[in-house]
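This is structure.cif. It holds mmCIF, C-alpha atoms.
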```
data_input
loop_
_atom_site.label_atom_id
_atom_site.label_comp_id
_atom_site.auth_asym_id
_atom_site.auth_seq_id
_atom_site.Cartn_x
_atom_site.Cartn_y
_atom_site.Cartn_z
CA MET A 1065 3.98 -48.26 46.58
CA LYS A 1066 1.82 -45.46 45.24
CA ARG A 1067 4.59 -44.36 42.82
CA MET A 1068 4.88 -47.95 41.51
CA THR A 1069 1.11 -48.04 40.96
CA TRP A 1070 1.25 -44.85 38.89
CA HIS A 1071 4.14 -46.27 36.81
CA LEU A 1072 2.16 -49.45 36.08
CA ALA A 1073 -0.92 -47.43 35.13
CA GLY A 1074 1.13 -45.25 32.80
CA ALA A 1075 2.72 -48.27 31.11
CA LEU A 1076 -0.68 -49.91 30.65
CA ALA A 1077 -2.14 -46.74 29.12
CA GLY A 1078 0.80 -46.47 26.72
CA THR A 1079 0.36 -50.08 25.65
CA LEU A 1080 -3.35 -49.56 25.03
CA LEU A 1081 -2.61 -46.41 23.02
CA LEU A 1082 -0.08 -48.24 20.82
CA THR A 1083 -2.50 -51.09 20.31
CA ALA A 1084 -5.31 -48.74 19.32
CA THR A 1085 -2.99 -46.88 16.94
CA GLY A 1086 -1.90 -50.14 15.33
CA CYS A 1087 -5.51 -51.29 14.90
CA SER A 1088 -6.40 -47.95 13.35
CA LYS A 1089 -3.53 -48.24 10.85
CA ASN A 1090 -4.53 -51.79 10.00
CA ALA A 1091 -8.11 -50.65 9.37
CA GLU A 1092 -6.89 -47.84 7.12
CA MET A 1093 -4.70 -50.29 5.17
CA ALA A 1094 -7.67 -52.60 4.71
CA ALA A 1095 -9.80 -49.71 3.49
CA ASP A 1096 -7.09 -48.53 1.07
CA SER A 1097 -6.71 -51.99 -0.42
CA GLY A 1098 -9.86 -51.46 -2.49
CA GLY A 1099 -12.04 -53.84 -0.52
CA GLY A 1100 -10.07 -56.91 -1.60
CA ALA A 1101 -10.05 -58.21 1.97
CA GLY A 1102 -13.81 -58.73 1.71
CA ALA A 1103 -13.57 -60.93 -1.39
CA VAL A 1104 -15.09 -64.39 -1.10
CA ALA A 1105 -12.85 -67.19 -2.37
CA SER A 1106 -13.29 -70.94 -2.55
CA PRO A 1107 -11.84 -72.51 0.62
CA GLU A 1108 -8.82 -74.75 0.35
CA GLY A 1109 -9.88 -78.17 -0.89
CA ALA A 1110 -13.36 -76.99 -1.92
CA ALA A 1111 -14.64 -76.60 -5.49
CA LEU A 1112 -16.96 -73.59 -5.31
CA ALA A 1113 -17.65 -71.45 -8.38
CA TYR A 1114 -18.75 -68.00 -7.17
CA GLU A 1115 -20.97 -65.64 -9.16
CA HIS A 1116 -21.98 -62.06 -8.32
CA ASP A 1117 -25.00 -60.20 -9.75
CA LEU A 1118 -25.26 -56.46 -9.14
CA ASP A 1119 -27.76 -53.75 -10.00
CA ILE A 1120 -26.21 -50.27 -9.97
CA ARG A 1121 -28.06 -46.94 -10.18
CA LEU A 1122 -26.05 -44.36 -12.11
CA ASP A 1123 -26.75 -41.10 -13.94
CA ALA A 1124 -27.68 -41.69 -17.57
CA ALA A 1125 -24.71 -39.72 -18.89
CA GLN A 1126 -22.25 -41.87 -16.92
CA ILE A 1127 -23.50 -45.33 -17.87
CA GLY A 1128 -21.73 -45.62 -21.24
CA PRO A 1129 -18.37 -44.26 -20.04
CA ARG A 1130 -18.54 -46.40 -16.88
CA VAL A 1131 -19.10 -49.61 -18.85
CA LYS A 1132 -16.11 -48.73 -21.06
CA GLN A 1133 -14.02 -47.86 -18.01
CA ILE A 1134 -14.69 -51.26 -16.45
CA ALA A 1135 -13.95 -53.07 -19.72
CA ASP A 1136 -10.65 -51.19 -20.12
CA ALA A 1137 -9.64 -51.90 -16.50
CA CYS A 1138 -10.42 -55.59 -16.95
CA GLN A 1139 -8.54 -55.94 -20.22
CA ALA A 1140 -5.56 -54.12 -18.71
CA ALA A 1141 -5.59 -56.56 -15.73
CA ARG A 1142 -5.79 -53.57 -13.40
CA PHE A 1143 -7.27 -55.71 -10.62
CA GLY A 1144 -5.64 -59.00 -11.54
CA ASP A 1145 -6.43 -61.70 -14.06
CA CYS A 1146 -9.65 -60.67 -15.83
CA ALA A 1147 -11.59 -61.37 -19.01
CA VAL A 1148 -14.56 -59.48 -20.46
CA LEU A 1149 -17.33 -61.91 -21.40
CA GLN A 1150 -20.20 -59.59 -22.36
CA VAL A 1151 -20.82 -55.88 -22.88
CA GLY A 1152 -24.20 -54.33 -23.61
CA GLN A 1153 -25.62 -50.83 -23.81
CA GLN A 1154 -29.01 -49.37 -24.70
CA GLY A 1155 -29.90 -45.70 -25.17
CA GLY A 1156 -33.23 -43.93 -25.41
CA GLU A 1157 -35.38 -42.55 -22.63
CA TYR A 1158 -34.19 -45.13 -20.12
CA PRO A 1159 -30.54 -45.91 -20.95
CA THR A 1160 -29.08 -49.09 -19.53
CA GLY A 1161 -25.75 -50.85 -19.63
CA SER A 1162 -24.33 -54.19 -18.63
CA ILE A 1163 -20.97 -55.90 -18.46
CA ARG A 1164 -19.98 -59.41 -17.39
CA VAL A 1165 -16.41 -60.25 -16.45
CA ARG A 1166 -14.55 -63.24 -15.05
CA ILE A 1167 -11.94 -62.06 -12.59
CA ALA A 1168 -9.61 -63.33 -9.88
CA PRO A 1169 -11.18 -63.30 -6.38
CA LYS A 1170 -8.94 -60.48 -5.14
CA GLY A 1171 -10.22 -58.21 -7.93
CA VAL A 1172 -13.94 -58.70 -7.29
CA GLU A 1173 -14.38 -55.99 -4.67
CA PRO A 1174 -12.15 -53.40 -6.42
CA ILE A 1175 -13.98 -53.76 -9.74
CA ILE A 1176 -17.34 -53.54 -7.96
CA GLY A 1177 -16.08 -50.41 -6.22
CA LEU A 1178 -15.14 -48.94 -9.60
CA ALA A 1179 -18.58 -49.77 -11.00
CA GLY A 1180 -20.37 -48.07 -8.11
CA GLN A 1181 -18.36 -44.83 -8.04
CA GLY A 1182 -20.71 -41.86 -8.09
CA GLY A 1183 -23.73 -44.16 -8.03
CA GLU A 1184 -25.49 -46.64 -5.79
CA VAL A 1185 -25.33 -50.42 -5.65
CA SER A 1186 -29.05 -51.00 -5.20
CA SER A 1187 -28.83 -54.79 -5.05
CA ARG A 1188 -26.16 -57.45 -4.89
CA ASN A 1189 -26.48 -61.21 -4.92
CA THR A 1190 -23.60 -63.65 -4.43
CA HIS A 1191 -24.01 -67.38 -4.86
CA ALA A 1192 -21.75 -70.36 -5.50
CA GLU A 1193 -22.14 -73.60 -7.40
CA ASP A 1194 -20.46 -76.62 -5.85
CA LEU A 1195 -18.44 -78.31 -8.60
CA ALA A 1196 -16.97 -81.02 -6.37
CA GLN A 1197 -19.00 -83.80 -7.97
CA GLN A 1198 -18.26 -82.59 -11.49
CA VAL A 1199 -14.55 -82.34 -10.73
CA ALA A 1200 -14.53 -85.85 -9.24
CA ASP A 1201 -16.47 -87.28 -12.21
CA THR A 1202 -14.10 -85.67 -14.70
CA ALA A 1203 -11.03 -86.96 -12.87
CA LEU A 1204 -12.56 -90.44 -12.65
CA THR A 1205 -13.41 -90.47 -16.36
CA LYS A 1206 -9.92 -89.33 -17.30
CA ALA A 1207 -8.27 -91.94 -15.06
CA ARG A 1208 -10.46 -94.71 -16.48
CA LEU A 1209 -9.72 -93.69 -20.07
CA GLU A 1210 -5.98 -93.43 -19.45
CA LYS A 1211 -5.96 -96.86 -17.83
CA GLU A 1212 -7.81 -98.37 -20.78
CA HIS A 1213 -5.48 -96.55 -23.18
CA ALA A 1214 -2.41 -98.05 -21.52
CA ARG A 1215 -3.94 -101.54 -21.58
CA LEU A 1216 -4.81 -101.29 -25.27
CA LEU A 1217 -1.34 -100.01 -26.13
CA ALA A 1218 0.16 -103.07 -24.46
CA TYR A 1219 -2.25 -105.32 -26.33
CA GLN A 1220 -1.46 -103.53 -29.61
CA ASP A 1221 2.23 -104.35 -29.18
CA SER A 1222 1.45 -108.02 -28.65
CA LYS A 1223 2.79 -110.40 -31.31
CA ASN A 1224 -0.38 -112.53 -31.22
CA ILE A 1225 -2.74 -109.71 -32.28
CA THR A 1226 -4.56 -110.23 -35.55
CA THR A 1227 -5.09 -107.63 -38.25
CA ALA A 1228 -8.81 -107.38 -37.49
CA ASP A 1229 -8.12 -106.88 -33.78
CA LEU A 1230 -5.47 -104.31 -34.60
CA LEU A 1231 -8.00 -102.25 -36.56
CA VAL A 1232 -10.51 -102.43 -33.71
CA VAL A 1233 -7.87 -101.49 -31.13
CA SER A 1234 -6.63 -98.57 -33.24
CA GLN A 1235 -10.18 -97.23 -33.59
CA ARG A 1236 -10.80 -97.56 -29.87
CA LEU A 1237 -7.49 -95.84 -29.06
CA ALA A 1238 -8.54 -92.88 -31.21
CA GLU A 1239 -11.87 -92.68 -29.33
CA ILE A 1240 -10.09 -92.85 -25.97
CA GLU A 1241 -7.64 -90.11 -26.94
CA ALA A 1242 -10.56 -87.87 -27.97
CA GLY A 1243 -12.26 -88.63 -24.64
CA VAL A 1244 -9.11 -87.78 -22.67
CA GLU A 1245 -8.77 -84.50 -24.58
CA GLN A 1246 -12.39 -83.61 -23.76
CA ALA A 1247 -11.84 -84.53 -20.10
CA ASN A 1248 -8.81 -82.24 -20.02
CA LYS A 1249 -10.92 -79.39 -21.46
CA ASP A 1250 -13.67 -80.01 -18.91
CA ALA A 1251 -11.15 -80.07 -16.07
CA ALA A 1252 -9.56 -76.81 -17.27
CA GLN A 1253 -12.98 -75.11 -17.49
CA GLN A 1254 -13.93 -76.32 -14.02
CA ARG A 1255 -10.61 -75.13 -12.61
CA ARG A 1256 -11.13 -71.75 -14.25
CA ARG A 1257 -14.59 -71.40 -12.71
CA ILE A 1258 -13.15 -72.25 -9.28
CA ASP A 1259 -10.06 -70.03 -9.50
CA THR A 1260 -11.93 -67.01 -10.93
CA GLN A 1261 -15.35 -65.50 -10.26
CA LEU A 1262 -18.12 -64.31 -12.54
CA VAL A 1263 -19.30 -60.73 -11.95
CA THR A 1264 -22.35 -59.37 -13.80
CA MET A 1265 -23.07 -55.65 -13.44
CA GLN A 1266 -26.33 -54.09 -14.64
CA PHE A 1267 -26.57 -50.28 -14.83
CA HIS A 1268 -29.86 -48.36 -14.65
CA THR A 1269 -30.78 -44.72 -14.16
CA PRO A 1270 -32.09 -43.62 -10.73
CA SER A 1271 -35.85 -43.65 -10.18
CA GLY A 1272 -35.95 -39.83 -10.03
CA GLN A 1273 -34.49 -39.55 -13.51
CA ARG A 1274 -36.94 -42.11 -14.81
CA SER A 1275 -39.86 -40.17 -13.30
CA ARG A 1276 -38.69 -36.95 -14.95
CA SER A 1277 -38.28 -38.79 -18.22
CA GLU A 1278 -41.79 -40.20 -17.93
CA ILE A 1279 -43.23 -36.71 -17.33
CA GLY A 1280 -41.33 -35.29 -20.28
CA GLU A 1281 -42.38 -38.19 -22.45
CA ALA A 1282 -46.01 -37.72 -21.39
CA LEU A 1283 -45.86 -34.02 -22.27
CA ARG A 1284 -44.31 -34.77 -25.63
CA GLU A 1285 -46.94 -37.40 -26.34
CA SER A 1286 -49.87 -35.23 -25.22
CA GLY A 1287 -50.05 -33.50 -28.62
CA ALA A 1288 -50.08 -36.80 -30.44
CA ILE A 1289 -52.72 -38.16 -28.06
CA LEU A 1290 -54.94 -35.08 -28.60
CA THR A 1291 -54.54 -35.36 -32.37
CA SER A 1292 -55.42 -39.05 -32.27
CA SER A 1293 -58.50 -38.34 -30.13
CA VAL A 1294 -59.76 -35.62 -32.50
CA ALA A 1295 -59.13 -37.88 -35.49
CA PHE A 1296 -61.09 -40.65 -33.78
CA VAL A 1297 -64.05 -38.31 -33.16
CA ILE A 1298 -63.99 -37.13 -36.78
CA ARG A 1299 -63.90 -40.70 -38.07
CA ALA A 1300 -66.74 -41.67 -35.72
CA MET A 1301 -68.84 -38.72 -36.91
CA ALA A 1302 -68.10 -39.52 -40.54
CA ALA A 1303 -69.10 -43.13 -39.96
CA LEU A 1304 -72.32 -42.25 -38.10
CA LEU A 1305 -73.44 -39.38 -40.38
CA PRO A 1306 -75.06 -41.59 -43.10
CA VAL A 1307 -76.88 -43.58 -40.44
CA ALA A 1308 -78.11 -40.38 -38.79
CA VAL A 1309 -79.37 -39.04 -42.15
CA VAL A 1310 -81.26 -42.24 -42.91
CA LEU A 1311 -82.81 -42.29 -39.43
CA TRP A 1312 -83.80 -38.65 -39.77
CA VAL A 1313 -85.49 -39.30 -43.15
CA PHE A 1314 -87.41 -42.30 -41.79
CA GLY A 1315 -88.38 -40.29 -38.72
CA TRP A 1316 -89.58 -37.37 -40.84
CA ILE A 1317 -91.65 -39.67 -43.08
CA GLY A 1318 -93.10 -41.44 -40.05
CA LEU A 1319 -94.01 -38.11 -38.44
CA LYS A 1320 -95.77 -36.98 -41.65
CA LEU A 1321 -97.77 -40.18 -41.84
CA TRP A 1322 -98.74 -39.97 -38.18
CA ARG A 1323 -99.95 -36.37 -38.55
CA ARG A 1324 -101.99 -37.28 -41.68
CA ARG A 1325 -103.64 -40.12 -39.82
CA GLN A 1326 -104.46 -37.84 -36.92
CA ARG A 1327 -106.12 -35.34 -39.27
CA ARG A 1328 -108.22 -38.10 -40.85
CA LEU A 1329 -109.41 -39.31 -37.47
CA GLN A 1330 -110.41 -35.78 -36.47
CA ALA A 1331 -112.29 -35.33 -39.74
CA THR A 1332 -114.33 -38.53 -39.27
CA HIS A 1333 -115.36 -37.43 -35.78
#
```

Kindly return the structure encoded in the file as structure tokens.
Amino acid sequence: MKRMTWHLAGALAGTLLLTATGCSKNAEMAADSGGGAGAVASPEGAALAYEHDLDIRLDAAQIGPRVKQIADACQAARFGDCAVLQVGQQGGEYPTGSIRVRIAPKGVEPIIGLAGQGGEVSSRNTHAEDLAQQVADTALTKARLEKEHARLLAYQDSKNITTADLLVVSQRLAEIEAGVEQANKDAAQQRRRIDTQLVTMQFHTPSGQRSRSEIGEALRESGAILTSSVAFVIRAMAALLPVAVVLWVFGWIGLKLWRRRQRRLQATH
């Protein structure tokens, strides 16, 4: 009985060990997949258009090459279907960069991981717009137009139609066909927004680099500030000098007159 108990305990321990090993391997596979397992996708039957906004802190020297690296990876479809919508870069004391892409849901996390390599994702915001009503309205409009188009085609083939009615029907058919084409474009755009996701990445330098840049900029500007201050003092002195001379002359004349009056008063007494 005791031997059987030990056998059961050993079998249970082996099972737990295999289970733990399998879980560990699964976790490693999920980690190696580039984070794609964490991607948010529109649920089946829903019409959600996801957008991601990220702020990434990266060394100034890496911002330009990183933006280009992301654009190249997107255009090469490295992480799946992807299109570059906007690229921006600004140099100077506080260099910045930005790139906006539309990518398949499975590529969202990998491309964000590429953007944040060697840096820090300081903020991330994910939100979705529900396009269900827009999709339903577009489908309803298209169905209504197609139904009217079929009815007018049948009326156009009628033998009792007059020439005037034929002209009106032909004009209306052209309008309906243009409306159907626009509905198809709207439906394709809505489907694209649902099937892919918009990712906007903004790159900035870390706060430490900005502080050092501000100190350096202040030191460089100190000479110009001192020069401007001295120039201001010189201009102020030049502007006040004529006034000071005039006041001094009037004061000197007034003092002379006062002293003369005092002497006259002393003489009369």

Excluding Thr1202 in chain A and its own-chain neighbours fewer than 5 positions away, which residues fall within 9 Å of it when counting only C-alpha atoms? Please give them as a PDB file with C-alpha atoms, in the frame of the given file.
```pdb
ATOM      1  CA  GLN A1197     -19.000 -83.800  -7.970  1.00  0.00           C
ATOM      2  CA  ALA A1207      -8.270 -91.940 -15.060  1.00  0.00           C
ATOM      3  CA  ALA A1247     -11.840 -84.530 -20.100  1.00  0.00           C
ATOM      4  CA  ASN A1248      -8.810 -82.240 -20.020  1.00  0.00           C
ATOM      5  CA  ASP A1250     -13.670 -80.010 -18.910  1.00  0.00           C
ATOM      6  CA  ALA A1251     -11.150 -80.070 -16.070  1.00  0.00           C
TER       7      ALA A1251
END
```

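Our summary of the geometry notes that CA of Gln1254 in chain A is positioned 28.9 Å from CA of Leu1216 in chain A.
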
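You will find CA of Thr1269 in chain A at 12.5 Å from CA of Gln1153 in chain A.
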
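Under the PyMOL selection byres ((chain A and resi 1259) around 8), the matching residues in the shown file are Ser1106, Ala1113, Ala1168, Pro1169, Arg1255, Arg1256, Arg1257, Ile1258, Thr1260 and Gln1261 of chain A.
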
**Study point:** Residue among A:Ser1186, A:Trp1312, A:Ile1167, A:Ala1203 lying closest to Gln1139 in chain A, counting all atoms listed in the file
**Key:**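 When distances to Gln1139 in chain A are compared using all atoms listed in the file, the smallest one comes from A:Ile1167.
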
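Each of A:Val1165, A:Ala1179, A:Ala1300, A:Ala1295 was compared to Gly1144 in chain A using all atoms listed in the file, and A:Val1165 turns out to be the nearest.
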
Practice item. Run the PyMOL selection byres ((chain A and resi 1112) around 7) against the file shown and list the residues it catches, as an MDAnalysis selection string. Key: chainID A and resid 1106 1110:1111 1113:1114 1192:1195 1258

Practice item. Let me know the residues the PyMOL selection byres ((chain A and resi 1189) around 9) catches in the file above, as a list in words. Key: Glu1115, His1116, Asp1117, Leu1118, Ser1187, Arg1188, Thr1190 and His1191 of chain A

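The coordinates place CA of Ala1196 in chain A at 19.9 Å from CA of Arg1166 in chain A.
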
Review point. Which residue, A:Ile1120, A:Leu1311, A:Ala1214, A:Ile1298, has the smallest gap to Gln1181 in chain A when you use all atoms listed in the file?
Key: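 Looking only at the distances to Gln1181 in chain A, the closest residue turns out to be A:Ile1120.
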
Exercise for review: Just the residues within 12 Å of Arg1236 in chain A, please, counting only C-alpha atoms, with nothing from its chain fewer than 3 positions along; format it as a ChimeraX atom specification.
Suggested key: /A:1209,1212-1217,1220,1229-1233,1239-1243

Could those selected residues go to a file with C-alpha atoms, as a short mmCIF file (atom, residue, chain, number, x, y, z; two decimals), keeping the file's coordinate frame?
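Written output follows (part-v7.cif):
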```
data_model
loop_
_atom_site.label_atom_id
_atom_site.label_comp_id
_atom_site.auth_asym_id
_atom_site.auth_seq_id
_atom_site.Cartn_x
_atom_site.Cartn_y
_atom_site.Cartn_z
CA LEU A 1209 -9.72 -93.69 -20.07
CA GLU A 1212 -7.81 -98.37 -20.78
CA HIS A 1213 -5.48 -96.55 -23.18
CA ALA A 1214 -2.41 -98.05 -21.52
CA ARG A 1215 -3.94 -101.54 -21.58
CA LEU A 1216 -4.81 -101.29 -25.27
CA LEU A 1217 -1.34 -100.01 -26.13
CA GLN A 1220 -1.46 -103.53 -29.61
CA ASP A 1229 -8.12 -106.88 -33.78
CA LEU A 1230 -5.47 -104.31 -34.60
CA LEU A 1231 -8.00 -102.25 -36.56
CA VAL A 1232 -10.51 -102.43 -33.71
CA VAL A 1233 -7.87 -101.49 -31.13
CA GLU A 1239 -11.87 -92.68 -29.33
CA ILE A 1240 -10.09 -92.85 -25.97
CA GLU A 1241 -7.64 -90.11 -26.94
CA ALA A 1242 -10.56 -87.87 -27.97
CA GLY A 1243 -12.26 -88.63 -24.64
#
```

**Study point:** Nearby residues (all atoms listed in the file) at most 9 Å from Phe1143 in chain A, same-chain spacing under 3 positions excluded, as a PyMOL selection string
**Key:** chain A and resi 1137-1138+1140+1146+1167-1168+1170-1172+1174-1175

The centre and edge lengths of an axis-aligned box containing all atoms of range 1171-1178 of chain A present in the file, extended by 4 Å on each side, are to be given in Å to one decimal, as AutoDock Vina command-line options.
```
--center_x -13.8 --center_y -53.8 --center_z -7.2 --size_x 15.1 --size_y 17.8 --size_z 13.1
```

Exercise for review: For each of A:Thr1264, A:Ser1271, A:Thr1205, A:Gln1330, take the minimum atom-to-atom distance to Gly1152 in chain A, counting only C-alpha atoms, then give the residue where this is smallest.
Suggested key: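 Closest to Gly1152 in chain A of all the choices is A:Thr1264.
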
**Study point:** Nearby residues (only C-alpha atoms) at most 7 Å from Met1265 in chain A, same-chain spacing under 2 positions excluded, as a ChimeraX atom specification
**Key:** /A:1117-1119,1162-1164,1263,1267

Is there a way to complete range 1109-1139 of chain A with N, CA and C atoms and then write that out as an mmCIF file, in the frame of the given file?
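In the end it all went to selection.cif:
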```
data_model
loop_
_atom_site.group_PDB
_atom_site.id
_atom_site.type_symbol
_atom_site.label_atom_id
_atom_site.label_comp_id
_atom_site.auth_asym_id
_atom_site.auth_seq_id
_atom_site.Cartn_x
_atom_site.Cartn_y
_atom_site.Cartn_z
ATOM 1 N N GLY A 1109 -9.320 -76.836 -0.768
ATOM 2 C CA GLY A 1109 -9.880 -78.170 -0.890
ATOM 3 C C GLY A 1109 -11.311 -78.202 -1.369
ATOM 4 N N ALA A 1110 -11.993 -77.048 -1.429
ATOM 5 C CA ALA A 1110 -13.360 -76.990 -1.920
ATOM 6 C C ALA A 1110 -13.361 -76.707 -3.416
ATOM 7 N N ALA A 1111 -14.504 -76.837 -4.052
ATOM 8 C CA ALA A 1111 -14.640 -76.600 -5.490
ATOM 9 C C ALA A 1111 -15.876 -75.740 -5.718
ATOM 10 N N LEU A 1112 -15.824 -74.502 -5.227
ATOM 11 C CA LEU A 1112 -16.960 -73.590 -5.310
ATOM 12 C C LEU A 1112 -16.729 -72.566 -6.410
ATOM 13 N N ALA A 1113 -17.706 -72.431 -7.290
ATOM 14 C CA ALA A 1113 -17.650 -71.450 -8.380
ATOM 15 C C ALA A 1113 -18.572 -70.287 -8.008
ATOM 16 N N TYR A 1114 -17.983 -69.146 -7.641
ATOM 17 C CA TYR A 1114 -18.750 -68.000 -7.170
ATOM 18 C C TYR A 1114 -19.208 -67.119 -8.334
ATOM 19 N N GLU A 1115 -20.420 -66.579 -8.200
ATOM 20 C CA GLU A 1115 -20.970 -65.640 -9.160
ATOM 21 C C GLU A 1115 -21.609 -64.476 -8.401
ATOM 22 N N HIS A 1116 -21.446 -63.273 -8.942
ATOM 23 C CA HIS A 1116 -21.980 -62.060 -8.320
ATOM 24 C C HIS A 1116 -22.864 -61.337 -9.333
ATOM 25 N N ASP A 1117 -24.064 -60.966 -8.918
ATOM 26 C CA ASP A 1117 -25.000 -60.200 -9.750
ATOM 27 C C ASP A 1117 -25.300 -58.890 -9.041
ATOM 28 N N LEU A 1118 -25.075 -57.780 -9.745
ATOM 29 C CA LEU A 1118 -25.260 -56.460 -9.140
ATOM 30 C C LEU A 1118 -26.151 -55.591 -9.999
ATOM 31 N N ASP A 1119 -26.961 -54.776 -9.341
ATOM 32 C CA ASP A 1119 -27.760 -53.750 -10.000
ATOM 33 C C ASP A 1119 -27.288 -52.406 -9.462
ATOM 34 N N ILE A 1120 -26.837 -51.536 -10.363
ATOM 35 C CA ILE A 1120 -26.210 -50.270 -9.970
ATOM 36 C C ILE A 1120 -27.007 -49.123 -10.569
ATOM 37 N N ARG A 1121 -27.368 -48.142 -9.738
ATOM 38 C CA ARG A 1121 -28.060 -46.940 -10.180
ATOM 39 C C ARG A 1121 -27.013 -45.866 -10.467
ATOM 40 N N LEU A 1122 -27.050 -45.329 -11.688
ATOM 41 C CA LEU A 1122 -26.050 -44.360 -12.110
ATOM 42 C C LEU A 1122 -26.710 -43.364 -13.053
ATOM 43 N N ASP A 1123 -26.211 -42.110 -13.033
ATOM 44 C CA ASP A 1123 -26.750 -41.100 -13.940
ATOM 45 C C ASP A 1123 -26.634 -41.569 -15.380
ATOM 46 N N ALA A 1124 -27.619 -41.205 -16.185
ATOM 47 C CA ALA A 1124 -27.680 -41.690 -17.570
ATOM 48 C C ALA A 1124 -26.421 -41.347 -18.351
ATOM 49 N N ALA A 1125 -25.886 -40.144 -18.128
ATOM 50 C CA ALA A 1125 -24.710 -39.720 -18.890
ATOM 51 C C ALA A 1125 -23.458 -40.502 -18.525
ATOM 52 N N GLN A 1126 -23.454 -41.163 -17.374
ATOM 53 C CA GLN A 1126 -22.250 -41.870 -16.920
ATOM 54 C C GLN A 1126 -22.271 -43.365 -17.240
ATOM 55 N N ILE A 1127 -23.402 -43.888 -17.689
ATOM 56 C CA ILE A 1127 -23.500 -45.330 -17.870
ATOM 57 C C ILE A 1127 -22.556 -45.825 -18.962
ATOM 58 N N GLY A 1128 -22.603 -45.199 -20.135
ATOM 59 C CA GLY A 1128 -21.730 -45.620 -21.240
ATOM 60 C C GLY A 1128 -20.251 -45.530 -20.888
ATOM 61 N N PRO A 1129 -19.782 -44.361 -20.422
ATOM 62 C CA PRO A 1129 -18.370 -44.260 -20.040
ATOM 63 C C PRO A 1129 -17.972 -45.219 -18.927
ATOM 64 N N ARG A 1130 -18.885 -45.504 -17.982
ATOM 65 C CA ARG A 1130 -18.540 -46.400 -16.880
ATOM 66 C C ARG A 1130 -18.366 -47.833 -17.384
ATOM 67 N N VAL A 1131 -19.241 -48.272 -18.280
ATOM 68 C CA VAL A 1131 -19.100 -49.610 -18.850
ATOM 69 C C VAL A 1131 -17.756 -49.739 -19.571
ATOM 70 N N LYS A 1132 -17.396 -48.714 -20.351
ATOM 71 C CA LYS A 1132 -16.110 -48.730 -21.060
ATOM 72 C C LYS A 1132 -14.949 -48.707 -20.089
ATOM 73 N N GLN A 1133 -15.077 -47.942 -19.014
ATOM 74 C CA GLN A 1133 -14.020 -47.860 -18.010
ATOM 75 C C GLN A 1133 -13.769 -49.208 -17.362
ATOM 76 N N ILE A 1134 -14.832 -49.933 -17.054
ATOM 77 C CA ILE A 1134 -14.690 -51.260 -16.450
ATOM 78 C C ILE A 1134 -14.062 -52.230 -17.441
ATOM 79 N N ALA A 1135 -14.507 -52.174 -18.703
ATOM 80 C CA ALA A 1135 -13.950 -53.070 -19.720
ATOM 81 C C ALA A 1135 -12.455 -52.803 -19.909
ATOM 82 N N ASP A 1136 -12.064 -51.529 -19.949
ATOM 83 C CA ASP A 1136 -10.650 -51.190 -20.120
ATOM 84 C C ASP A 1136 -9.825 -51.663 -18.921
ATOM 85 N N ALA A 1137 -10.363 -51.470 -17.700
ATOM 86 C CA ALA A 1137 -9.640 -51.900 -16.500
ATOM 87 C C ALA A 1137 -9.485 -53.414 -16.482
ATOM 88 N N CYS A 1138 -10.501 -54.121 -16.926
ATOM 89 C CA CYS A 1138 -10.420 -55.590 -16.950
ATOM 90 C C CYS A 1138 -9.403 -56.056 -17.973
ATOM 91 N N GLN A 1139 -9.457 -55.509 -19.175
ATOM 92 C CA GLN A 1139 -8.540 -55.940 -20.220
ATOM 93 C C GLN A 1139 -7.089 -55.573 -19.898
#
```
